[in-house]
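**Student:** Input structure: query_31.cif, which contains mmCIF, C-alpha atoms.
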```
data_upload
#
loop_
_atom_site.label_atom_id
_atom_site.label_comp_id
_atom_site.auth_asym_id
_atom_site.auth_seq_id
_atom_site.Cartn_x
_atom_site.Cartn_y
_atom_site.Cartn_z
CA MET A 1 -89.52 -34.38 61.98
CA ASN A 2 -88.77 -37.27 59.70
CA HIS A 3 -88.75 -34.88 56.77
CA ARG A 4 -86.20 -32.61 58.46
CA PHE A 5 -83.94 -35.60 59.24
CA LEU A 6 -84.19 -36.85 55.65
CA CYS A 7 -83.21 -33.43 54.28
CA MET A 8 -80.16 -33.32 56.54
CA LEU A 9 -79.04 -36.76 55.34
CA ILE A 10 -79.39 -35.70 51.68
CA LEU A 11 -77.36 -32.48 52.26
CA ALA A 12 -74.56 -34.35 54.08
CA GLY A 13 -74.24 -36.85 51.20
CA ALA A 14 -73.96 -34.03 48.68
CA LEU A 15 -71.09 -32.45 50.61
CA VAL A 16 -69.24 -35.76 50.81
CA GLY A 17 -69.60 -36.31 47.04
CA CYS A 18 -67.79 -32.99 46.30
CA GLU A 19 -64.47 -34.24 47.81
CA SER A 20 -61.82 -36.05 45.72
CA PRO A 21 -61.53 -39.75 46.33
CA PRO A 22 -58.45 -40.91 48.19
CA GLY A 23 -55.28 -41.20 45.96
CA ALA A 24 -56.69 -39.13 43.07
CA ALA A 25 -54.24 -36.66 41.49
CA SER A 26 -54.95 -32.95 41.65
CA THR A 27 -55.86 -31.26 38.41
CA VAL A 28 -53.59 -28.28 39.30
CA ALA A 29 -49.81 -28.73 39.67
CA ARG A 30 -48.44 -26.41 42.32
CA LEU A 31 -44.78 -25.37 42.26
CA PRO A 32 -42.88 -25.60 45.51
CA ALA A 33 -42.02 -22.17 46.92
CA THR A 34 -38.34 -22.51 45.89
CA GLN A 35 -38.99 -23.43 42.24
CA THR A 36 -39.45 -21.17 39.22
CA PRO A 37 -40.45 -21.93 35.62
CA THR A 38 -37.63 -22.86 33.27
CA ARG A 39 -37.60 -22.06 29.47
CA SER A 40 -35.90 -24.19 26.90
CA SER A 41 -33.25 -22.29 24.94
CA THR A 42 -34.76 -23.36 21.61
CA ALA A 43 -38.28 -24.73 22.24
CA THR A 44 -41.19 -22.39 21.78
CA SER A 45 -43.16 -23.67 24.80
CA THR A 46 -42.39 -23.23 28.49
CA ILE A 47 -41.23 -26.35 30.31
CA VAL A 48 -42.22 -26.36 34.00
CA SER A 49 -40.47 -28.59 36.52
CA THR A 50 -42.93 -30.36 38.85
CA PRO A 51 -42.79 -32.34 42.11
CA ALA A 52 -41.67 -35.92 41.84
CA SER A 53 -45.16 -37.18 42.68
CA VAL A 54 -46.56 -35.61 39.54
CA ASP A 55 -45.83 -36.83 35.97
CA THR A 56 -43.23 -34.62 34.23
CA PRO A 57 -44.41 -32.99 30.99
CA THR A 58 -42.51 -33.87 27.79
CA ALA A 59 -40.43 -31.07 26.20
CA ALA A 60 -41.59 -29.62 22.92
CA PRO A 61 -39.99 -31.04 19.75
CA GLY A 62 -36.64 -29.35 19.03
CA ALA A 63 -35.83 -28.54 22.65
CA THR A 64 -32.08 -28.88 23.28
CA ARG A 65 -32.20 -29.26 27.03
CA VAL A 66 -34.49 -30.97 29.55
CA PRO A 67 -35.11 -29.60 33.05
CA THR A 68 -33.87 -31.60 35.99
CA VAL A 69 -36.78 -32.62 38.18
CA ALA A 70 -36.18 -31.45 41.73
CA PRO A 71 -37.99 -32.64 44.81
CA PRO A 72 -39.91 -30.08 46.86
CA GLY A 73 -37.55 -27.63 48.54
CA HIS A 74 -34.82 -27.89 45.85
CA THR A 75 -34.18 -25.68 42.82
CA ALA A 76 -34.41 -27.25 39.36
CA THR A 77 -31.27 -26.81 37.23
CA THR A 78 -30.76 -27.00 33.47
CA THR A 79 -27.73 -27.83 31.27
CA ALA A 80 -27.45 -25.90 28.01
CA ALA A 81 -26.28 -27.65 24.85
CA PRO A 82 -23.24 -26.02 23.12
CA GLN A 83 -24.39 -23.40 20.64
CA PRO A 84 -22.51 -23.19 17.30
CA THR A 85 -20.85 -19.92 16.34
CA PRO A 86 -22.87 -18.18 13.61
CA ALA A 87 -21.32 -18.67 10.17
CA SER A 88 -21.12 -14.89 9.73
CA GLN A 89 -18.68 -14.72 12.66
CA VAL A 90 -16.35 -17.45 11.34
CA ARG A 91 -13.63 -16.28 8.92
CA ALA A 92 -12.58 -19.00 6.54
CA SER A 93 -8.82 -19.55 6.35
CA GLY A 94 -6.46 -21.67 4.33
CA LYS A 95 -2.78 -22.35 4.72
CA VAL A 96 0.29 -23.37 2.77
CA SER A 97 2.81 -25.21 4.92
CA GLY A 98 5.86 -27.41 4.72
CA SER A 99 9.57 -27.32 5.44
CA MET A 100 12.67 -25.90 3.83
CA THR A 101 16.21 -27.30 3.94
CA TYR A 102 19.53 -25.61 3.19
CA PRO A 103 23.17 -26.79 3.02
CA MET A 104 24.48 -27.05 6.58
CA ASP A 105 28.08 -27.29 5.34
CA ARG A 106 27.96 -23.68 4.06
CA LYS A 107 28.30 -20.75 6.43
CA LEU A 108 25.32 -18.41 6.33
CA PRO A 109 26.28 -14.89 5.18
CA PRO A 110 26.15 -12.12 7.81
CA GLY A 111 22.73 -10.46 8.06
CA ALA A 112 21.04 -13.28 6.15
CA THR A 113 17.24 -13.31 5.98
CA LEU A 114 15.19 -16.33 4.96
CA THR A 115 12.03 -15.43 3.05
CA ILE A 116 9.16 -17.79 2.22
CA ARG A 117 7.04 -16.14 -0.50
CA PHE A 118 3.50 -17.17 -1.51
CA SER A 119 2.53 -15.40 -4.74
CA THR A 120 0.21 -15.34 -7.71
CA VAL A 121 1.01 -14.51 -11.33
CA ILE A 122 -0.81 -11.30 -12.29
CA SER A 123 0.45 -10.40 -15.76
CA ASP A 124 1.45 -11.89 -19.09
CA PHE A 125 5.03 -10.93 -18.27
CA GLY A 126 5.05 -13.38 -15.37
CA HIS A 127 5.11 -10.60 -12.80
CA GLU A 128 4.00 -11.81 -9.39
CA ARG A 129 1.93 -10.31 -6.61
CA VAL A 130 2.91 -11.45 -3.15
CA ILE A 131 -0.08 -12.77 -1.19
CA GLU A 132 1.75 -13.69 2.00
CA GLU A 133 5.40 -13.63 2.98
CA GLN A 134 7.25 -14.94 6.01
CA ALA A 135 10.66 -13.44 6.80
CA ILE A 136 12.97 -15.17 9.28
CA THR A 137 15.99 -13.17 10.46
CA SER A 138 17.19 -15.60 13.14
CA ILE A 139 17.49 -18.65 10.92
CA PRO A 140 17.34 -21.96 12.83
CA PRO A 141 19.22 -25.09 11.75
CA SER A 142 17.85 -26.97 8.74
CA PRO A 143 15.10 -28.06 8.23
CA VAL A 144 12.98 -24.95 8.83
CA GLY A 145 9.21 -25.32 9.09
CA PHE A 146 6.85 -22.68 7.75
CA GLU A 147 3.14 -21.96 7.50
CA LEU A 148 1.49 -19.12 5.55
CA ALA A 149 -2.22 -18.34 6.00
CA TYR A 150 -4.50 -16.91 3.34
CA ASP A 151 -8.19 -16.16 2.80
CA PRO A 152 -9.71 -18.75 0.41
CA ALA A 153 -12.26 -16.17 -0.75
CA THR A 154 -9.42 -14.33 -2.52
CA ILE A 155 -8.22 -17.42 -4.42
CA GLY A 156 -9.39 -18.03 -7.99
CA PRO A 157 -9.66 -21.72 -8.93
CA ASP A 158 -8.06 -21.03 -12.33
CA GLY A 159 -5.27 -18.84 -10.92
CA ILE A 160 -1.61 -19.80 -10.75
CA TYR A 161 -0.22 -19.76 -7.21
CA THR A 162 3.38 -20.50 -6.29
CA ILE A 163 5.67 -20.68 -3.29
CA ARG A 164 9.44 -20.41 -3.11
CA ALA A 165 12.21 -19.70 -0.63
CA LEU A 166 15.12 -17.25 -0.80
CA MET A 167 17.96 -16.55 1.58
CA HIS A 168 19.59 -13.21 0.96
CA ALA A 169 22.04 -10.80 2.61
CA PRO A 170 23.34 -7.37 1.55
CA GLY A 171 25.66 -7.75 -1.42
CA ARG A 172 25.49 -11.55 -1.43
CA LEU A 173 24.14 -13.91 -4.05
CA ALA A 174 20.80 -15.26 -2.96
CA TRP A 175 20.31 -18.91 -2.08
CA ARG A 176 17.18 -20.01 -3.89
CA SER A 177 14.75 -22.88 -4.06
CA GLU A 178 12.77 -24.00 -7.06
CA THR A 179 9.33 -22.45 -7.52
CA HIS A 180 6.51 -24.82 -6.56
CA ASP A 181 2.88 -24.62 -7.72
CA VAL A 182 0.40 -24.84 -4.84
CA ILE A 183 -3.31 -25.03 -3.84
CA THR A 184 -5.07 -24.86 -7.24
CA GLN A 185 -5.42 -27.07 -10.31
CA GLY A 186 -4.49 -30.18 -8.33
CA ALA A 187 -1.36 -28.70 -6.73
CA PRO A 188 -0.71 -29.55 -3.06
CA SER A 189 -0.92 -27.22 -0.07
CA THR A 190 2.08 -28.82 1.65
CA VAL A 191 5.52 -28.68 0.02
CA GLU A 192 9.12 -29.56 0.77
CA MET A 193 11.65 -27.02 -0.54
CA ALA A 194 15.44 -27.07 -0.72
CA LEU A 195 17.62 -23.97 -0.91
CA LYS A 196 20.61 -24.21 -3.20
CA ALA A 197 23.71 -22.15 -2.50
CA PRO A 198 25.73 -20.73 -5.42
CA ASP A 199 28.33 -23.18 -6.68
CA ALA A 200 31.03 -20.48 -6.96
CA ILE A 201 31.24 -16.85 -5.95
CA GLY A 202 33.11 -13.87 -7.37
CA THR A 203 33.25 -10.50 -5.61
CA VAL A 204 33.54 -6.80 -6.40
CA THR A 205 34.54 -4.60 -3.48
CA GLY A 206 35.21 -0.95 -2.81
CA THR A 207 33.85 2.15 -1.10
CA LEU A 208 31.06 4.52 -2.05
CA THR A 209 30.69 8.23 -1.32
CA TYR A 210 27.88 10.74 -1.87
CA PRO A 211 27.38 14.44 -1.07
CA GLY A 212 26.96 14.48 2.70
CA ASP A 213 26.08 18.13 3.14
CA SER A 214 22.52 17.28 4.25
CA PRO A 215 21.07 14.27 6.09
CA LEU A 216 19.30 11.54 4.13
CA PRO A 217 15.58 10.82 4.66
CA PRO A 218 14.98 7.91 7.07
CA ASP A 219 13.53 5.76 4.26
CA ALA A 220 16.51 6.25 1.94
CA ALA A 221 17.93 3.06 0.38
CA LEU A 222 21.17 2.39 -1.50
CA THR A 223 21.17 0.04 -4.50
CA MET A 224 24.26 -1.10 -6.42
CA ARG A 225 23.96 -3.19 -9.58
CA LEU A 226 26.66 -5.18 -11.36
CA ILE A 227 25.58 -5.08 -15.01
CA GLY A 228 26.92 -5.94 -18.43
CA ALA A 229 26.19 -4.33 -21.79
CA ALA A 230 25.52 -6.79 -24.64
CA GLN A 231 24.46 -6.38 -28.25
CA VAL A 232 21.09 -8.12 -28.64
CA ALA A 233 19.16 -7.56 -31.91
CA ASN A 234 21.29 -4.44 -32.52
CA LEU A 235 19.97 -2.88 -29.31
CA ASP A 236 21.91 -2.21 -26.16
CA ARG A 237 20.65 -4.59 -23.52
CA GLU A 238 21.78 -4.65 -19.93
CA VAL A 239 22.20 -7.95 -18.11
CA GLU A 240 22.30 -7.79 -14.33
CA LEU A 241 24.69 -10.18 -12.60
CA SER A 242 24.02 -9.08 -9.06
CA ARG A 243 22.89 -6.26 -6.83
CA PHE A 244 23.64 -4.84 -3.41
CA GLU A 245 20.90 -3.17 -1.34
CA LEU A 246 21.34 -1.36 1.93
CA ARG A 247 18.70 0.27 4.14
CA PRO A 248 19.12 2.50 6.10
CA VAL A 249 22.01 4.19 4.35
CA PRO A 250 24.95 4.79 6.72
CA ALA A 251 27.22 7.81 6.68
CA GLU A 252 29.74 7.83 3.85
CA PRO A 253 32.20 6.45 2.91
CA ILE A 254 30.35 3.14 2.67
CA PRO A 255 32.33 -0.09 2.16
CA PHE A 256 30.56 -2.61 -0.06
CA LEU A 257 30.87 -6.16 -1.33
CA VAL A 258 28.88 -7.41 -4.31
CA GLU A 259 28.87 -11.13 -5.09
CA TYR A 260 28.29 -12.61 -8.55
CA ASP A 261 28.29 -15.99 -10.26
CA PRO A 262 31.54 -16.42 -12.23
CA ALA A 263 29.82 -18.91 -14.56
CA ALA A 264 27.59 -16.07 -15.82
CA VAL A 265 30.55 -13.84 -16.79
CA ARG A 266 31.72 -13.61 -20.41
CA ALA A 267 35.37 -12.73 -20.85
CA ASP A 268 34.65 -10.55 -23.92
CA GLU A 269 31.91 -8.59 -22.13
CA THR A 270 32.21 -5.24 -20.37
CA TYR A 271 30.77 -5.09 -16.85
CA THR A 272 30.14 -1.95 -14.82
CA LEU A 273 28.80 -0.87 -11.43
CA TYR A 274 25.77 1.39 -11.26
CA ALA A 275 24.62 2.80 -7.91
CA GLU A 276 21.81 5.05 -6.72
CA ILE A 277 20.14 6.26 -3.53
CA ARG A 278 16.35 6.66 -3.50
CA ALA A 279 13.78 7.68 -0.90
CA GLY A 280 10.05 7.18 -1.44
CA GLY A 281 10.68 6.49 -5.12
CA ARG A 282 12.56 9.79 -5.56
CA LEU A 283 16.09 9.58 -6.99
CA LEU A 284 18.47 11.42 -4.66
CA PHE A 285 21.94 10.43 -5.93
CA PHE A 286 23.33 8.22 -8.70
CA THR A 287 26.53 7.35 -10.54
CA THR A 288 27.23 9.78 -13.36
CA GLU A 289 30.29 7.76 -14.31
CA LEU A 290 30.25 4.02 -14.98
CA HIS A 291 32.99 1.93 -13.38
CA PRO A 292 34.29 -1.04 -15.46
CA VAL A 293 35.10 -4.13 -13.37
CA ILE A 294 36.24 -7.78 -13.46
CA THR A 295 36.92 -8.35 -17.21
CA GLN A 296 39.28 -7.06 -19.89
CA GLY A 297 41.86 -6.00 -17.34
CA ALA A 298 39.38 -4.01 -15.21
CA PRO A 299 39.86 -4.18 -11.43
CA ALA A 300 37.66 -6.03 -8.94
CA SER A 301 37.84 -3.15 -6.43
CA VAL A 302 36.67 0.40 -7.23
CA GLU A 303 35.81 3.75 -5.65
CA VAL A 304 32.29 4.89 -6.54
CA THR A 305 31.07 8.49 -6.26
CA LEU A 306 27.41 9.49 -6.47
CA GLU A 307 26.08 12.86 -7.67
CA ARG A 308 22.72 14.63 -7.58
CA PRO A 309 20.64 14.03 -10.72
CA GLU A 310 18.64 16.34 -12.90
CA THR A 311 15.30 14.56 -12.56
CA ILE A 312 12.27 14.93 -14.80
CA PRO A 313 8.69 13.67 -14.49
CA ALA A 314 8.71 10.38 -16.43
CA VAL A 315 5.12 9.24 -15.92
CA THR A 316 2.09 11.04 -14.52
CA GLY A 317 -1.56 10.11 -14.12
CA VAL A 318 -4.24 9.08 -11.64
CA VAL A 319 -5.12 5.90 -9.75
CA THR A 320 -8.72 4.81 -9.10
CA TYR A 321 -10.10 1.94 -7.03
CA PRO A 322 -13.60 0.43 -6.66
CA GLY A 323 -16.26 2.43 -4.87
CA ASP A 324 -15.26 4.39 -1.80
CA PRO A 325 -14.23 1.75 0.76
CA LYS A 326 -12.89 2.67 4.17
CA LEU A 327 -9.19 1.85 3.92
CA PRO A 328 -7.12 0.83 6.96
CA PRO A 329 -5.23 3.73 8.58
CA ASP A 330 -1.87 2.26 7.49
CA ALA A 331 -2.89 1.82 3.84
CA MET A 332 -0.27 2.92 1.31
CA LEU A 333 -0.44 3.38 -2.46
CA ALA A 334 2.67 2.34 -4.42
CA VAL A 335 3.05 3.23 -8.12
CA GLN A 336 5.99 1.48 -9.78
CA LEU A 337 7.84 1.91 -13.07
CA TYR A 338 9.57 -1.25 -14.36
CA ASP A 339 11.93 -2.03 -17.24
CA LEU A 340 11.09 -5.43 -18.77
CA ARG A 341 14.14 -5.71 -21.00
CA TYR A 342 15.73 -8.09 -18.56
CA LEU A 343 14.74 -9.91 -15.41
CA LEU A 344 16.53 -10.57 -12.15
CA GLY A 345 17.54 -14.07 -11.19
CA ASP A 346 14.23 -14.61 -9.40
CA GLY A 347 12.20 -13.58 -12.45
CA GLU A 348 11.41 -10.07 -11.22
CA PRO A 349 11.73 -7.10 -13.61
CA ILE A 350 13.98 -4.17 -12.73
CA LEU A 351 12.35 -1.40 -10.70
CA VAL A 352 13.29 1.93 -12.31
CA ALA A 353 11.36 4.29 -10.04
CA GLU A 354 8.55 4.24 -7.52
CA GLN A 355 6.25 6.69 -5.76
CA THR A 356 4.55 5.85 -2.48
CA ILE A 357 1.56 7.83 -1.20
CA ALA A 358 0.26 7.73 2.38
CA PRO A 359 -2.23 8.51 3.70
CA ILE A 360 -4.45 7.75 0.72
CA GLY A 361 -7.15 10.25 -0.22
CA LEU A 362 -10.30 9.71 -2.21
CA ALA A 363 -9.98 8.46 -5.80
CA PRO A 364 -8.83 9.52 -8.31
CA ILE A 365 -5.38 9.86 -6.74
CA PRO A 366 -2.83 11.84 -8.79
CA PHE A 367 0.77 10.61 -9.02
CA THR A 368 4.07 11.67 -10.59
CA ILE A 369 7.05 9.33 -10.97
CA GLU A 370 10.38 11.10 -11.45
CA CYS A 371 13.56 9.54 -12.74
CA ASP A 372 16.89 10.55 -14.16
CA PRO A 373 16.84 10.80 -17.97
CA ALA A 374 20.15 8.90 -18.06
CA THR A 375 18.36 5.83 -16.67
CA ILE A 376 15.82 5.77 -19.54
CA SER A 377 17.08 3.79 -22.53
CA PRO A 378 15.61 4.23 -26.06
CA SER A 379 15.44 0.43 -26.25
CA GLY A 380 13.64 0.09 -22.91
CA GLU A 381 10.37 -1.77 -22.38
CA TYR A 382 8.75 0.28 -19.63
CA VAL A 383 5.52 -0.56 -17.85
CA ILE A 384 3.75 0.83 -14.83
CA GLN A 385 1.61 -0.82 -12.19
CA ALA A 386 0.14 0.12 -8.80
CA GLU A 387 -1.21 -1.46 -5.64
CA ILE A 388 -2.68 -0.48 -2.28
CA ARG A 389 -1.24 -2.36 0.68
CA ALA A 390 -1.92 -2.42 4.41
CA ASP A 391 -0.49 -4.61 7.12
CA ASP A 392 1.76 -6.32 4.52
CA ARG A 393 -1.30 -7.43 2.52
CA THR A 394 -2.41 -6.30 -0.94
CA ILE A 395 -5.92 -4.82 -0.82
CA PHE A 396 -6.19 -3.57 -4.43
CA SER A 397 -3.84 -4.00 -7.39
CA SER A 398 -3.73 -3.23 -11.09
CA GLN A 399 -4.74 -6.24 -13.16
CA GLY A 400 -1.71 -6.35 -15.42
CA THR A 401 0.67 -3.59 -16.44
CA TYR A 402 0.42 -0.37 -18.49
CA PRO A 403 3.07 0.22 -21.22
CA VAL A 404 4.48 3.74 -21.01
CA ILE A 405 7.10 6.15 -22.39
CA MET A 406 8.55 4.33 -25.41
CA SER A 407 7.19 3.14 -28.79
CA ASP A 408 4.47 5.78 -28.90
CA HIS A 409 3.16 4.67 -25.50
CA PRO A 410 1.78 7.49 -23.34
CA SER A 411 3.52 9.17 -20.44
CA GLU A 412 0.19 9.91 -18.76
CA VAL A 413 -2.06 7.01 -17.71
CA GLU A 414 -5.11 6.18 -15.64
CA ILE A 415 -4.52 3.07 -13.52
CA VAL A 416 -7.58 1.12 -12.36
CA LEU A 417 -7.18 -1.05 -9.28
CA LYS A 418 -9.38 -4.05 -8.47
#
```
Using the file provided, produce a representation of the structure as structure tokens.
**Tutor:**
Amino acid sequence: MNHRFLCMLILAGALVGCESPPGAASTVARLPATQTPTRSSTATSTIVSTPASVDTPTAAPGATRVPTVAPPGHTATTTAAPQPTPASQVRASGKVSGSMTYPMDRKLPPGATLTIRFSTVISDFGHERVIEEQAITSIPPSPVGFELAYDPATIGPDGIYTIRALMHAPGRLAWRSETHDVITQGAPSTVEMALKAPDAIGTVTGTLTYPGDSPLPPDAALTMRLIGAAQVANLDREVELSRFELRPVPAEPIPFLVEYDPAAVRADETYTLYAEIRAGGRLLFFTTELHPVITQGAPASVEVTLERPETIPAVTGVVTYPGDPKLPPDAMLAVQLYDLRYLLGDGEPILVAEQTIAPIGLAPIPFTIECDPATISPSGEYVIQAEIRADDRTIFSSQGTYPVIMSDHPSEVEIVLK
């Protein structure tokens, strides 16, 4: 009997020893029914929110957020740290900005357009390629602020980049600013420019007619040039005083007004008007007869008549560009023939003819530039260049120019764009 009682006492003590002592923490943390595990957005381990009576685990190194500890019956919430946009999704951008002033005491010519032009020099002849251009048709009072954006990845640290302003209107002398170097070789990215109006203005007026038996193409453009013939190194050399451009071309007769700088006129020189209508680089009509004006008793008002030309292929060839990239749907190839004998007032050579091609097929792309033989001078310095543009941006361009036609230069070329 005593042995049975002793065994019962021993068994009861063993059962009591298996229970946890009062106040001891459980070795298993139980989540309340309303809580779920929460994962750090960057840590590799899972962070579990626990009841307030249990010590909260520490987040793994590198975790960017810490769970909020919620009492039983409440849901734990987390606050995510802002995540940076991947570098591959960020497009770098630069800008050239500043302001432009113009004389407020001078009346702006009708139809005036203010153009801010950001360019780079691409040839030994000083020819420029426009990188970005801002055209303002409703010109506000001076000063006028501007900002042109560009992709820094396209900028060479040793390149020459410039910005300038022009205000022009059909038949009127342009108001111009000085050309300012920008963004490279220590040049600034913010500039202040001032347009200067011509000190004095002379005019040539009249009307122009052309054969109106068929409608003109919608892209037709009229160009009139006031030029002088001078003897330079025993070669005839034209000097352009001014030009008048009109697009679209209205029904004839067309009244015109061409301004020029009287200070540039020589009394012993002969000046004439030359006019032409082109569409897509194709010569449609031109003046077969020159019209003397302004000096040596010639009038300042004339009647100009255009005729159809007998055109010939002046330059042919092919254009290639790198690889086989997918070009934008609005991409256009322009092949241009220039005469470098003289430059316009803004330093641009004279465009003799141009061919535009759209849509663009796979390279090599054949081209043919036609012009009137009467416009080709034996003393000319003709070069050709090409570019592919889309959305007013140059995608590929020829690196320099290709001499053609004269001085044993070819009339068939292969133009490589980069």
**Student:** Which residues are close to segment 298-300 of chain A, i.e. within 7 Å by only C-alpha atoms, leaving aside same-chain residues fewer than 5 positions away? Reply as a count of residues only.
**Tutor:** 4
**Student:** Calculated over all atoms listed in the file, which of the candidates A:Val404, A:Ala331, A:Ala279, A:Cys371 has the smallest distance to Ala358 of chain A?
**Tutor:**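 Going through A:Val404, A:Ala331, A:Ala279, A:Cys371 one by one, the smallest distance to Ala358 of chain A is for A:Ala331.
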**Student:** Quick one, how far is atom CA of Met193 of chain A from atom CA of Ser142 of chain A?
**Tutor:**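 Going from atom CA of Met193 of chain A over to atom CA of Ser142 of chain A, I get 11.2 Å.
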**Student:** Just to confirm, what's the straight-line distance from atom CA of Tyr260 of chain A to atom CA of Thr288 of chain A in Å (one decimal)?
**Tutor:**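 Distance reported for this atom pair: 22.9 Å.
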**Student:** Please return, as a PyMOL selection string, all polymer residues that have at least one atom within 10 Å of the point (26.6, -26.6, 12.0); use all atoms listed in the file and the file's own coordinate frame.
**Tutor:** chain A and resi 103-107+141-142
**Student:** Which residues, protein or nucleic acid, reach to within 6 Å of (20.2, -7.0, 1.7) in the file's coordinates when using all atoms listed in the file, and can you give that as a PDB file with C-alpha atoms, in the coordinates of the input?
**Tutor:**
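File produced: out_17.pdb:
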```pdb
ATOM      1  CA  ALA A 169      22.040 -10.800   2.610  1.00  0.00           C
ATOM      2  CA  PRO A 170      23.340  -7.370   1.550  1.00  0.00           C
ATOM      3  CA  GLU A 245      20.900  -3.170  -1.340  1.00  0.00           C
ATOM      4  CA  LEU A 246      21.340  -1.360   1.930  1.00  0.00           C
TER       5      LEU A 246
END
```
**Student:** Work out how far apart atom CA of Pro109 of chain A and atom CA of Leu284 of chain A are and give it in Å to one decimal.
**Tutor:**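 Computed distance, atom CA of Pro109 of chain A to atom CA of Leu284 of chain A, equals 29.2 Å.
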**Student:** Check what the PyMOL selection byres ((chain A and resi 391) around 10) selects in the file above and give those residues as a ChimeraX atom specification.
**Tutor:** /A:328-332,389-390,392-395
**Student:** Apply the PyMOL selection byres ((chain A and resi 130-136) around 9) to the displayed file and report the matching residues as a count of residues only.
**Tutor:** 24
